[in-house]
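File shown here: data-v6.tsv, holding TSV, C-alpha atoms.
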chain	number	residue	atom	x	y	z
Q	1	MET	CA	4.70	11.71	-17.43
Q	2	ASP	CA	3.40	8.38	-16.10
Q	3	PHE	CA	5.88	5.84	-17.44
Q	4	ASP	CA	3.98	2.62	-16.66
Q	5	TYR	CA	0.51	3.73	-17.74
Q	6	VAL	CA	1.26	6.24	-20.51
Q	7	VAL	CA	4.68	5.57	-22.02
Q	8	MET	CA	4.64	1.77	-21.79
Q	9	PRO	CA	1.18	1.30	-23.38
Q	10	VAL	CA	2.31	3.47	-26.31
Q	11	VAL	CA	5.50	1.40	-26.63
Q	12	ILE	CA	3.49	-1.84	-26.51
Q	13	VAL	CA	1.10	-0.61	-29.23
Q	14	VAL	CA	4.02	0.43	-31.46
Q	15	LEU	CA	5.73	-2.94	-30.94
Q	16	ALA	CA	2.46	-4.74	-31.72
Q	17	LEU	CA	2.14	-2.82	-34.99
Q	18	ILE	CA	5.69	-3.81	-35.89
Q	19	VAL	CA	5.01	-7.47	-35.03
Q	20	ASP	CA	1.78	-7.41	-37.04
Q	21	GLY	CA	3.53	-5.84	-40.02
Q	22	LEU	CA	6.36	-8.36	-39.96
Q	23	GLY	CA	3.89	-11.17	-39.39
Q	24	LEU	CA	1.81	-10.21	-42.42
Q	25	ARG	CA	4.94	-9.94	-44.52
Q	26	TYR	CA	6.11	-13.34	-43.33
Q	27	ALA	CA	2.70	-14.97	-43.89
Q	28	PHE	CA	2.54	-13.56	-47.43
Q	29	ALA	CA	6.04	-14.87	-48.17
Q	30	VAL	CA	5.23	-18.32	-46.77
Q	31	SER	CA	2.04	-18.56	-48.82
Q	32	ARG	CA	4.09	-18.05	-52.00
Q	33	ARG	CA	6.76	-20.63	-51.16
Q	34	PRO	CA	6.59	-24.16	-52.58
Q	35	LEU	CA	6.30	-25.91	-49.19
Q	36	ARG	CA	4.46	-29.01	-48.11
Q	37	ARG	CA	0.91	-28.31	-46.99
Q	38	GLY	CA	1.65	-29.29	-43.37
Q	39	GLN	CA	4.79	-27.11	-43.14
Q	40	LYS	CA	3.01	-24.17	-44.70
Q	41	ALA	CA	0.06	-24.53	-42.31
Q	42	ILE	CA	2.31	-24.68	-39.22
Q	43	ARG	CA	4.21	-21.55	-40.25
Q	44	LEU	CA	1.06	-19.63	-41.13
Q	45	VAL	CA	-0.62	-20.62	-37.85
Q	46	GLY	CA	2.50	-19.52	-35.93
Q	47	ALA	CA	2.57	-16.16	-37.72
Q	48	TRP	CA	-1.12	-15.51	-37.10
Q	49	ALA	CA	-0.81	-16.61	-33.46
Q	50	ALA	CA	2.05	-14.16	-32.89
Q	51	MET	CA	0.07	-11.34	-34.51
Q	52	MET	CA	-3.06	-12.13	-32.47
Q	53	LEU	CA	-1.07	-12.25	-29.23
Q	54	ALA	CA	0.66	-8.95	-29.96
Q	55	SER	CA	-2.62	-7.30	-30.94
Q	56	SER	CA	-4.41	-8.64	-27.84
Q	57	VAL	CA	-1.72	-7.44	-25.45
Q	58	ALA	CA	-1.61	-4.02	-27.12
Q	59	THR	CA	-5.41	-3.66	-27.10
Q	60	LEU	CA	-5.69	-4.67	-23.45
Q	61	SER	CA	-2.82	-2.39	-22.41
Q	62	ALA	CA	-4.28	0.58	-24.30
Q	63	TYR	CA	-7.78	-0.04	-22.95
Q	64	ASN	CA	-6.44	-0.35	-19.39
Q	65	ALA	CA	-4.53	2.95	-19.70
Q	66	ILE	CA	-7.52	4.79	-21.19
Q	67	ALA	CA	-9.94	3.40	-18.59
Q	68	MET	CA	-7.58	4.23	-15.74
Q	69	HIS	CA	-6.99	7.82	-16.80
Q	70	ALA	CA	-10.67	8.36	-17.61
Q	71	PHE	CA	-11.61	7.16	-14.12
Q	72	TRP	CA	-9.22	9.52	-12.35
Q	73	VAL	CA	-10.26	12.43	-14.56
Q	74	LYS	CA	-13.79	11.88	-13.25
Q	75	HIS	CA	-12.49	11.39	-9.69
Q	76	PRO	CA	-9.64	13.91	-9.27
Q	77	PRO	CA	-7.60	13.94	-6.03
Q	78	ALA	CA	-9.29	15.92	-3.30
Q	79	GLY	CA	-6.08	16.86	-1.53
Q	80	GLU	CA	-3.17	19.21	-2.15
Q	81	PHE	CA	0.34	18.95	-3.56
Q	82	GLU	CA	3.30	20.42	-1.73
Q	83	ALA	CA	6.91	20.80	-2.84
Q	84	VAL	CA	9.29	18.94	-0.52
Q	85	ASN	CA	13.01	18.89	-1.35
Q	86	GLY	CA	12.28	19.56	-5.01
Q	87	ALA	CA	9.65	16.81	-5.38
Q	88	ARG	CA	5.86	17.01	-5.34
Q	89	MET	CA	4.10	15.24	-2.47
Q	90	TYR	CA	0.38	14.63	-2.02
Q	91	ILE	CA	-1.55	15.14	1.22
Q	92	HIS	CA	-5.28	15.20	1.88
Q	93	CYS	CA	-6.60	16.72	5.11
Q	94	MET	CA	-10.15	16.73	6.46
Q	95	GLY	CA	-11.75	18.07	9.64
Q	96	GLU	CA	-10.57	20.41	12.36
Q	97	GLY	CA	-8.98	20.06	15.77
Q	98	SER	CA	-5.83	18.91	17.47
Q	99	PRO	CA	-3.87	16.83	17.78
Q	100	ALA	CA	-3.94	16.15	14.05
Q	101	LEU	CA	-4.00	12.50	13.05
Q	102	VAL	CA	-1.57	11.61	10.23
Q	103	LEU	CA	-2.26	8.39	8.33
Q	104	ASP	CA	0.62	6.45	6.74
Q	105	SER	CA	-0.13	3.56	4.37
Q	106	GLY	CA	1.28	0.08	4.08
Q	107	LEU	CA	3.67	-1.08	1.37
Q	108	GLY	CA	2.12	-0.92	-2.09
Q	109	ASP	CA	-0.82	1.18	-0.89
Q	110	ASP	CA	-1.39	4.92	-1.02
Q	111	SER	CA	-3.62	7.37	0.84
Q	112	MET	CA	-6.71	5.96	-0.87
Q	113	MET	CA	-6.62	3.01	1.53
Q	114	TRP	CA	-7.82	5.35	4.30
Q	115	ALA	CA	-10.79	6.72	2.34
Q	116	GLN	CA	-13.28	4.70	4.38
Q	117	LEU	CA	-11.97	5.74	7.80
Q	118	GLN	CA	-10.78	9.29	7.17
Q	119	PRO	CA	-14.19	11.00	6.78
Q	120	VAL	CA	-15.47	9.36	9.97
Q	121	LEU	CA	-12.37	10.12	12.03
Q	122	SER	CA	-12.36	13.72	10.75
Q	123	LYS	CA	-15.50	14.34	12.83
Q	124	THR	CA	-13.20	14.17	15.86
Q	125	THR	CA	-10.06	15.99	14.72
Q	126	ARG	CA	-8.05	17.04	11.70
Q	127	VAL	CA	-7.07	13.90	9.79
Q	128	CYS	CA	-4.42	13.91	7.06
Q	129	ALA	CA	-3.53	11.02	4.74
Q	130	TYR	CA	-0.47	11.34	2.53
Q	131	ASP	CA	1.46	9.44	-0.15
Q	132	ARG	CA	5.08	8.51	0.33
Q	133	ALA	CA	7.53	9.22	-2.48
Q	134	GLY	CA	6.67	7.24	-5.61
Q	135	PHE	CA	3.19	6.23	-4.43
Q	136	GLY	CA	-0.16	7.74	-5.39
Q	137	GLY	CA	0.19	11.41	-6.22
Q	138	SER	CA	3.71	11.85	-4.81
Q	139	GLU	CA	6.65	11.97	-7.18
Q	140	PRO	CA	9.53	9.52	-6.76
Q	141	THR	CA	12.76	10.86	-5.31
Q	142	ALA	CA	16.38	9.88	-5.78
Q	143	GLY	CA	18.31	7.92	-3.21
Q	144	PRO	CA	17.42	5.01	-0.94
Q	145	GLN	CA	13.95	5.01	0.58
Q	146	ASP	CA	14.87	4.06	4.13
Q	147	ALA	CA	13.00	5.18	7.23
Q	148	ASP	CA	15.17	8.24	7.85
Q	149	GLN	CA	14.61	9.62	4.35
Q	150	ILE	CA	10.88	8.88	4.51
Q	151	VAL	CA	10.64	10.58	7.90
Q	152	GLU	CA	12.47	13.67	6.66
Q	153	ALA	CA	10.09	13.91	3.70
Q	154	LEU	CA	7.04	13.60	5.95
Q	155	HIS	CA	8.41	16.21	8.35
Q	156	GLY	CA	8.93	18.60	5.45
Q	157	LEU	CA	5.47	17.85	4.08
Q	158	LEU	CA	3.74	18.55	7.41
Q	159	GLY	CA	5.58	21.85	7.63
Q	160	ALA	CA	4.67	22.81	4.07
Q	161	ALA	CA	1.02	21.92	4.74
Q	162	SER	CA	1.00	24.05	7.94
Q	163	ILE	CA	0.24	21.09	10.20
Q	164	SER	CA	1.70	22.34	13.46
Q	165	GLY	CA	1.86	21.00	16.97
Q	166	PRO	CA	2.45	17.42	18.09
Q	167	VAL	CA	0.59	14.95	15.88
Q	168	VAL	CA	-0.67	11.42	16.33
Q	169	LEU	CA	0.85	9.08	13.75
Q	170	MET	CA	-1.12	6.04	12.57
Q	171	GLY	CA	0.79	3.56	10.41
Q	172	HIS	CA	-0.29	0.35	8.71
Q	173	SER	CA	2.08	-2.54	8.00
Q	174	ILE	CA	5.55	-1.26	6.97
Q	175	ALA	CA	4.52	2.27	7.96
Q	176	GLY	CA	4.75	1.08	11.57
Q	177	ILE	CA	8.52	1.22	11.09
Q	178	TYR	CA	8.31	4.75	9.71
Q	179	ILE	CA	6.08	6.27	12.40
Q	180	ARG	CA	8.32	4.71	15.03
Q	181	ASP	CA	11.39	6.29	13.44
Q	182	TYR	CA	9.54	9.62	13.27
Q	183	ALA	CA	9.10	9.45	17.04
Q	184	VAL	CA	12.82	8.68	17.36
Q	185	LYS	CA	13.87	11.72	15.32
Q	186	TYR	CA	11.15	14.18	16.35
Q	187	PRO	CA	9.87	13.12	19.78
Q	188	GLU	CA	8.62	16.61	20.58
Q	189	ASP	CA	6.39	16.53	17.49
Q	190	VAL	CA	4.59	13.29	18.36
Q	191	ALA	CA	1.59	13.12	20.70
Q	192	GLY	CA	0.88	9.41	20.17
Q	193	LEU	CA	1.48	6.37	17.99
Q	194	ILE	CA	-1.10	3.97	16.54
Q	195	PHE	CA	0.21	0.73	15.02
Q	196	VAL	CA	-2.19	-1.04	12.63
Q	197	ASP	CA	-1.02	-4.62	12.08
Q	198	ALA	CA	2.37	-3.00	11.88
Q	199	SER	CA	5.74	-4.29	10.84
Q	200	THR	CA	8.41	-4.52	13.52
Q	201	PRO	CA	12.17	-4.04	13.12
Q	202	PHE	CA	14.00	-7.02	11.61
Q	203	GLN	CA	10.82	-9.11	11.57
Q	204	ASP	CA	12.04	-10.85	8.41
Q	205	ARG	CA	15.17	-12.14	10.13
Q	206	LYS	CA	13.38	-13.05	13.35
Q	207	MET	CA	10.62	-14.94	11.55
Q	208	GLY	CA	12.85	-16.46	8.88
Q	209	VAL	CA	10.93	-15.00	5.97
Q	210	THR	CA	11.98	-13.08	2.88
Q	211	MET	CA	10.57	-9.59	2.45
Q	212	GLY	CA	8.92	-9.30	-0.95
Q	213	GLY	CA	8.65	-13.02	-1.69
Q	214	GLY	CA	6.48	-14.31	-4.52
Q	215	PRO	CA	6.60	-13.75	-8.28
Q	216	PRO	CA	9.41	-11.48	-9.54
Q	217	PRO	CA	8.45	-7.78	-9.42
Q	218	TRP	CA	9.05	-7.29	-13.17
Q	219	LEU	CA	6.45	-9.96	-13.98
Q	220	LEU	CA	3.88	-8.39	-11.67
Q	221	GLN	CA	4.65	-4.95	-13.07
Q	222	PHE	CA	4.19	-6.18	-16.64
Q	223	ALA	CA	0.87	-7.81	-15.71
Q	224	MET	CA	-0.34	-4.51	-14.25
Q	225	ILE	CA	0.80	-2.51	-17.29
Q	226	VAL	CA	-0.98	-4.74	-19.78
Q	227	GLY	CA	-4.14	-4.72	-17.67
Q	228	VAL	CA	-4.42	-8.32	-16.48
Q	229	PRO	CA	-6.15	-7.25	-13.22
Q	230	ARG	CA	-8.77	-5.34	-15.23
Q	231	LEU	CA	-9.25	-8.35	-17.50
Q	232	ILE	CA	-10.09	-10.61	-14.54
Q	233	GLY	CA	-12.39	-8.05	-12.91
Q	234	MET	CA	-10.17	-6.74	-10.09
Q	235	CYS	CA	-10.77	-3.13	-11.15
Q	236	SER	CA	-14.55	-3.41	-10.96
Q	237	SER	CA	-16.47	-3.15	-7.71
Q	238	HIS	CA	-19.85	-1.85	-6.63
Q	239	GLY	CA	-20.35	0.14	-3.45
Q	240	SER	CA	-23.13	-0.15	-0.93
Q	241	GLY	CA	-23.99	1.47	2.36
Q	242	GLU	CA	-22.94	4.94	3.49
Q	243	ASN	CA	-19.75	5.35	1.42
Q	244	THR	CA	-20.69	3.90	-1.97
Q	245	ASP	CA	-17.68	5.43	-3.76
Q	246	TYR	CA	-15.06	3.79	-1.53
Q	247	PRO	CA	-15.15	0.18	-2.86
Q	248	VAL	CA	-15.15	1.45	-6.45
Q	249	MET	CA	-12.22	3.80	-5.95
Q	250	LYS	CA	-10.31	1.28	-3.86
Q	251	SER	CA	-10.56	-1.42	-6.51
Q	252	GLU	CA	-9.47	1.01	-9.24
Q	253	ASP	CA	-6.60	2.22	-7.09
Q	254	ARG	CA	-5.38	-1.29	-6.39
Q	255	CYS	CA	-5.24	-2.00	-10.11
Q	256	ARG	CA	-2.31	0.37	-10.24
Q	257	MET	CA	0.88	-0.63	-8.48
Q	258	TYR	CA	3.99	1.42	-7.82
Q	259	TYR	CA	6.68	-1.24	-8.14
Q	260	PRO	CA	9.81	0.96	-8.33
Q	261	ALA	CA	8.93	2.71	-5.05
Q	262	LEU	CA	7.82	-0.57	-3.49
Q	263	ALA	CA	11.09	-2.28	-4.41
Q	264	MET	CA	13.14	0.63	-3.02
Q	265	GLU	CA	11.41	0.41	0.36
Q	266	LEU	CA	11.83	-3.36	0.49
Q	267	ARG	CA	15.55	-3.08	-0.29
Q	268	ALA	CA	15.93	-0.58	2.55
Q	269	PHE	CA	13.96	-2.61	5.11
Q	270	GLY	CA	17.09	-3.67	7.01
Q	271	ASP	CA	18.36	-0.09	7.26
Q	272	SER	CA	14.88	1.14	8.19
Q	273	SER	CA	14.68	-1.47	10.94
Q	274	GLY	CA	17.97	-0.33	12.43
Q	275	GLU	CA	16.92	3.32	12.30
Q	276	ALA	CA	13.59	2.66	13.99
Q	277	SER	CA	15.34	0.59	16.70
Q	278	ARG	CA	17.60	3.39	17.92
Q	279	ARG	CA	15.19	3.98	20.77
Q	280	SER	CA	13.62	1.07	22.63
Q	281	SER	CA	11.21	3.09	24.75
Q	282	PHE	CA	9.24	6.31	24.37
Q	283	GLY	CA	8.52	6.68	28.07
Q	284	SER	CA	4.88	7.49	28.68
Q	285	LEU	CA	3.95	8.34	25.09
Q	286	PRO	CA	0.41	7.01	24.38
Q	287	VAL	CA	0.60	3.94	22.13
Q	288	LEU	CA	-2.30	1.95	20.65
Q	289	ILE	CA	-1.67	-1.34	18.86
Q	290	PHE	CA	-4.11	-3.13	16.54
Q	291	SER	CA	-3.19	-6.67	15.48
Q	292	HIS	CA	-5.05	-9.27	13.47
Q	293	ASP	CA	-5.60	-12.63	15.13
Q	294	PRO	CA	-3.41	-15.21	13.36
Q	295	PHE	CA	-5.19	-18.08	15.09
Q	296	GLY	CA	-8.75	-16.75	14.96
Q	297	THR	CA	-11.91	-18.24	13.51
Q	298	LEU	CA	-11.60	-16.48	10.14
Q	299	PRO	CA	-11.70	-19.11	7.38
Q	300	ARG	CA	-8.15	-19.91	6.36
Q	301	LYS	CA	-6.38	-22.67	4.51
Q	302	PRO	CA	-4.73	-25.24	6.80
Q	303	GLN	CA	-1.43	-24.02	8.20
Q	304	SER	CA	1.74	-26.07	8.24
Q	305	ALA	CA	3.75	-26.47	11.43
Q	306	ASP	CA	6.30	-23.94	10.15
Q	307	GLU	CA	3.55	-21.45	9.31
Q	308	LYS	CA	2.01	-21.83	12.77
Q	309	LYS	CA	5.43	-21.25	14.27
Q	310	ARG	CA	5.94	-18.08	12.23
Q	311	GLN	CA	2.48	-16.83	13.18
Q	312	GLY	CA	3.31	-17.41	16.83
Q	313	MET	CA	6.54	-15.45	16.43
Q	314	TRP	CA	4.64	-12.64	14.68
Q	315	ASP	CA	2.16	-12.54	17.55
Q	316	GLY	CA	5.06	-12.25	19.98
Q	317	LEU	CA	6.57	-9.36	18.04
Q	318	GLN	CA	3.21	-7.57	18.13
Q	319	GLU	CA	3.03	-8.15	21.89
Q	320	ASN	CA	6.52	-6.69	22.30
Q	321	LEU	CA	5.34	-3.39	20.82
Q	322	LYS	CA	3.74	-2.71	24.19
Q	323	SER	CA	7.21	-2.29	25.68
Q	324	LEU	CA	7.60	0.96	23.73
Q	325	SER	CA	5.61	2.86	26.36
Q	326	THR	CA	4.19	2.61	29.85
Q	327	ARG	CA	0.91	3.86	28.34
Q	328	SER	CA	0.38	1.21	25.69
Q	329	ARG	CA	-2.54	-1.08	24.89
Q	330	ARG	CA	-2.91	-3.86	22.36
Q	331	ILE	CA	-6.16	-4.96	20.70
Q	332	ILE	CA	-6.31	-8.24	18.81
Q	333	VAL	CA	-9.01	-7.73	16.20
Q	334	THR	CA	-11.01	-10.91	15.72
Q	335	GLY	CA	-12.45	-11.42	12.26
Q	336	GLY	CA	-9.81	-9.18	10.74
Q	337	THR	CA	-6.89	-9.87	8.43
Q	338	HIS	CA	-3.93	-7.65	7.61
Q	339	HIS	CA	-6.34	-4.93	6.40
Q	340	LEU	CA	-8.37	-5.17	9.59
Q	341	PHE	CA	-9.53	-1.56	9.32
Q	342	GLU	CA	-11.59	-2.61	6.30
Q	343	GLU	CA	-13.20	-5.63	7.97
Q	344	ARG	CA	-13.75	-4.02	11.39
Q	345	PRO	CA	-13.89	-0.27	10.62
Q	346	GLN	CA	-16.23	0.65	13.46
Q	347	LEU	CA	-13.99	-0.95	16.06
Q	348	VAL	CA	-10.98	0.95	14.74
Q	349	VAL	CA	-12.92	4.23	14.60
Q	350	ASP	CA	-14.24	3.83	18.15
Q	351	GLU	CA	-10.85	2.97	19.62
Q	352	VAL	CA	-8.94	5.67	17.72
Q	353	THR	CA	-11.55	8.30	18.66
Q	354	ALA	CA	-11.28	7.34	22.33
Q	355	PHE	CA	-7.46	7.39	22.04
Q	356	LEU	CA	-7.54	10.95	20.68
Q	357	GLU	CA	-9.94	12.11	23.38
Q	358	GLN	CA	-7.68	10.63	26.06
Q	359	ILE	CA	-4.67	12.50	24.64
Q	360	ARG	CA	-6.70	15.74	24.70
Q	361	GLY	CA	-7.74	15.10	28.28
Q	362	THR	CA	-11.44	15.19	27.38
Q	363	ALA	CA	-11.90	11.51	28.25
Q	364	PRO	CA	-10.65	9.53	31.26
Q	365	GLN	CA	-7.38	7.68	30.92
Q	366	PRO	CA	-7.61	3.90	30.51
Q	367	THR	CA	-7.07	1.75	33.55
Q	368	THR	CA	-5.79	-1.08	31.34
Q	369	TYR	CA	-2.36	0.14	30.22
Q	370	GLY	CA	-0.13	-2.78	29.37
Q	371	SER	CA	-3.08	-5.02	28.56
Q	372	THR	CA	-3.91	-7.14	25.52
Q	373	THR	CA	-7.59	-7.62	24.73
Q	374	ARG	CA	-9.48	-9.52	22.07
Q	375	GLU	CA	-12.35	-7.65	20.44

Step by step, read the file and then write its structure as structure tokens.
Amino acid sequence: MDFDYVVMPVVIVVLALIVDGLGLRYAFAVSRRPLRRGQKAIRLVGAWAAMMLASSVATLSAYNAIAMHAFWVKHPPAGEFEAVNGARMYIHCMGEGSPALVLDSGLGDDSMMWAQLQPVLSKTTRVCAYDRAGFGGSEPTAGPQDADQIVEALHGLLGAASISGPVVLMGHSIAGIYIRDYAVKYPEDVAGLIFVDASTPFQDRKMGVTMGGGPPPWLLQFAMIVGVPRLIGMCSSHGSGENTDYPVMKSEDRCRMYYPALAMELRAFGDSSGEASRRSSFGSLPVLIFSHDPFGTLPRKPQSADEKKRQGMWDGLQENLKSLSTRSRRIIVTGGTHHLFEERPQLVVDEVTAFLEQIRGTAPQPTTYGSTTRE
């Protein structure tokens, strides 16, 4: 059962009923006491305010849960569920051909984030997007969620889904650590790596930043449970163009966060970094690197000197990814942010398609290995 969006809304409604009942009882008692008019008014206003707050939170939480489940009943998952080490994992495959392209999402996202690219890329080969443990349709699992455990789960999932042969792994953000570790543990099963604005090992220490900074996770989780994002319109979007469903489904999906799984991966980032660093080079394995331009023309708020320094260090870490292979290329995507595949989807599709064709041998090999270009 969904704890955050089924159990918790019920608990909040029950608590609100209790608060309202006690509040009414208190207000009735106060109204009968021989108090000064000002004291009585203050106490009655406080009681009614508490009841209104409790009722509002309960109503919003219940409405959010009902709207969320109604939406996904109308838009059921198109993929399949496989049992991996006693837990259910979700994977959605489209298209035919080899090598298969496996899409791994960034922290806090699930396979829905690839819904814009996957149908287009599936015209070239078989493309599979999956959910890591605790995200999307995949059940959480016990134990630390470091790179090795995530890799073992993915390896088991690909086997259960009959995805054979070397695959190309494409990872966004923190998934760059995981696809790299997969190539460390199963080099014979990897035909290529695609890093999409990917995390690099120990980037937090090297850049002097704290992974998972910002408001405390419990506060964000509570805001999601009671439906604050829906209240401010984050769950509502209207599609246009070829894939009209994508913006709608993406906005609904992002109004649901998976904080326990997210926190487990953040806690394991140091271990994951060490595991992914066990091999510094993959020889001549094809590697494609997409990075956003931290100093581009995209409108941004003014950066402090420290922020500019960190961005320069991040750019250097992205550049160092080229050292993983003698057949690597890096593309700095102008006009793109961390989710550059949403802002420049055609560029990503064109480059990934060409990358797959080069691995197959149906397109000429690039003459620009080791280069960094701005596109």

Return the single residue from Q:Ala100, Q:Leu60, Q:Leu107, Q:Ala29 that is closest to Q:Lys123, with distances computed using only C-alpha atoms.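 For Q:Lys123, the nearest of the given residues is Q:Ala100.
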
In Å, with one decimal, what is the gap from atom CA of Q:Ser325 to atom CA of Q:Gln358?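 Interatomic distance here is 15.4 Å.
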
Draw an axis-aligned box tight on the listed atoms of stretch 351-368 of chain Q, then pad every side by 8 Å and write out centre and edge lengths in Å to one decimal as lines of an AutoDock Vina configuration file.
center_x = -8.3
center_y = 7.3
center_z = 25.6
size_x = 23.2
size_y = 32.8
size_z = 31.8

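Near Q:Glu96, within 12 Å and counting all atoms listed in the file, sit Pro119, Leu121, Ser122, Lys123, Thr124, Thr125, Arg126, Val127, Cys128 and Ile163 of chain Q, not including residues fewer than 6 positions from it in the same chain.
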
Skipping near chain neighbours, those fewer than 4 positions away, what residues fall within 8 Å of Q:Ala62 using all atoms listed in the file, listed as a CSV table (one decimal) with C-alpha atoms, in the frame of the given file?
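part.csv was written with the following content:
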chain,number,residue,atom,x,y,z
Q,9,PRO,CA,1.2,1.3,-23.4
Q,10,VAL,CA,2.3,3.5,-26.3
Q,13,VAL,CA,1.1,-0.6,-29.2
Q,58,ALA,CA,-1.6,-4.0,-27.1
Q,66,ILE,CA,-7.5,4.8,-21.2
Q,226,VAL,CA,-1.0,-4.7,-19.8

Expressed in Å, the length from atom CA of Q:Cys255 to atom CA of Q:Cys235 is 5.7 Å

Go through Q:Ala191, Q:Ala27, Q:Val73, Q:Val287 one by one, measure the shortest atom-to-atom distance of each to Q:Arg360 using all atoms listed in the file, and give the residue with the smallest value.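 Checking each candidate against Q:Arg360, we get Q:Ala191 as the closest.
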
Please, what distance in Å, to one decimal, runs between atom CA of Q:Ala198 and atom CA of Q:Met89? 23.3 Å

When distances are computed from all atoms listed in the file, which of Q:Ala133, Q:Met249, Q:Leu157, Q:Ala47 shows the smallest separation from Q:His92?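 Closest residue, counting all atoms listed in the file: Q:Leu157.
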
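When all atoms listed in the file are used to measure the gap to Q:Thr59, the shortest distance among Q:Glu188, Q:Asp293, Q:Pro140, Q:Val228 belongs to Q:Val228.
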
Neighbours of Q:Asp197 within 9 Å (all atoms listed in the file; same-chain residues fewer than 3 positions away dropped), as a PyMOL selection string? chain Q and resi 171-174+176+289-292+318+337-340

Written selection (C-alpha atoms) as a PDB file, in the frame of the given file:
ATOM      1  CA  GLY Q 171       0.790   3.560  10.410  1.00  0.00           C
ATOM      2  CA  HIS Q 172      -0.290   0.350   8.710  1.00  0.00           C
ATOM      3  CA  SER Q 173       2.080  -2.540   8.000  1.00  0.00           C
ATOM      4  CA  ILE Q 174       5.550  -1.260   6.970  1.00  0.00           C
ATOM      5  CA  GLY Q 176       4.750   1.080  11.570  1.00  0.00           C
ATOM      6  CA  ILE Q 289      -1.670  -1.340  18.860  1.00  0.00           C
ATOM      7  CA  PHE Q 290      -4.110  -3.130  16.540  1.00  0.00           C
ATOM      8  CA  SER Q 291      -3.190  -6.670  15.480  1.00  0.00           C
ATOM      9  CA  HIS Q 292      -5.050  -9.270  13.470  1.00  0.00           C
ATOM     10  CA  GLN Q 318       3.210  -7.570  18.130  1.00  0.00           C
ATOM     11  CA  THR Q 337      -6.890  -9.870   8.430  1.00  0.00           C
ATOM     12  CA  HIS Q 338      -3.930  -7.650   7.610  1.00  0.00           C
ATOM     13  CA  HIS Q 339      -6.340  -4.930   6.400  1.00  0.00           C
ATOM     14  CA  LEU Q 340      -8.370  -5.170   9.590  1.00  0.00           C
TER      15      LEU Q 340
END

Residue contacts of Q:Leu317 (9 Å, only C-alpha atoms) excluding same-chain residues fewer than 6 positions away, as an MDAnalysis selection string: chainID Q and resid 199:200 203

Between Q:Ser284, Q:Gln346, Q:Ser272, Q:Gln311, which has the minimum distance to Q:Ser323 (counting only C-alpha atoms)? Q:Ser284

Measuring atom to atom with all atoms listed in the file, identify which of Q:Val120, Q:Val209, Q:Ala161, Q:Ala175 is nearest to Q:Ala83.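 Of Q:Val120, Q:Val209, Q:Ala161, Q:Ala175, the one nearest Q:Ala83 is Q:Ala161, counting all atoms listed in the file.
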
Can you spit out stretch 165-177 of chain Q with N, CA and C atoms, as a CSV table (one decimal), in the first residue's frame, from the structure just given?
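Produced file part.csv, reproduced below:
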chain,number,residue,atom,x,y,z
Q,165,GLY,N,22.5,-9.5,-24.6
Q,165,GLY,CA,23.5,-8.8,-25.4
Q,165,GLY,C,24.0,-7.5,-24.8
Q,166,PRO,N,25.2,-7.1,-25.2
Q,166,PRO,CA,25.7,-5.8,-24.6
Q,166,PRO,C,24.7,-4.7,-24.9
Q,167,VAL,N,24.5,-3.8,-23.9
Q,167,VAL,CA,23.5,-2.7,-24.0
Q,167,VAL,C,24.3,-1.4,-23.9
Q,168,VAL,N,23.6,-0.3,-24.4
Q,168,VAL,CA,24.1,1.0,-24.2
Q,168,VAL,C,23.4,1.6,-23.0
Q,169,LEU,N,24.1,2.1,-22.1
Q,169,LEU,CA,23.5,2.7,-20.9
Q,169,LEU,C,23.5,4.2,-20.9
Q,170,MET,N,22.4,4.8,-20.7
Q,170,MET,CA,22.3,6.3,-20.7
Q,170,MET,C,21.8,6.8,-19.4
Q,171,GLY,N,22.6,7.5,-18.7
Q,171,GLY,CA,22.2,7.9,-17.3
Q,171,GLY,C,22.3,9.4,-17.1
Q,172,HIS,N,21.2,10.0,-16.5
Q,172,HIS,CA,21.1,11.4,-16.2
Q,172,HIS,C,21.5,11.6,-14.7
Q,173,SER,N,22.2,12.7,-14.5
Q,173,SER,CA,22.6,13.2,-13.2
Q,173,SER,C,23.2,12.0,-12.3
Q,174,ILE,N,22.7,11.7,-11.2
Q,174,ILE,CA,23.3,10.7,-10.3
Q,174,ILE,C,23.4,9.3,-11.0
Q,175,ALA,N,22.6,9.1,-12.0
Q,175,ALA,CA,22.6,7.8,-12.7
Q,175,ALA,C,23.9,7.7,-13.5
Q,176,GLY,N,24.6,8.8,-13.7
Q,176,GLY,CA,25.9,8.7,-14.4
Q,176,GLY,C,26.9,7.8,-13.5
Q,177,ILE,N,26.8,7.9,-12.2
Q,177,ILE,CA,27.6,7.1,-11.3
Q,177,ILE,C,27.2,5.6,-11.5
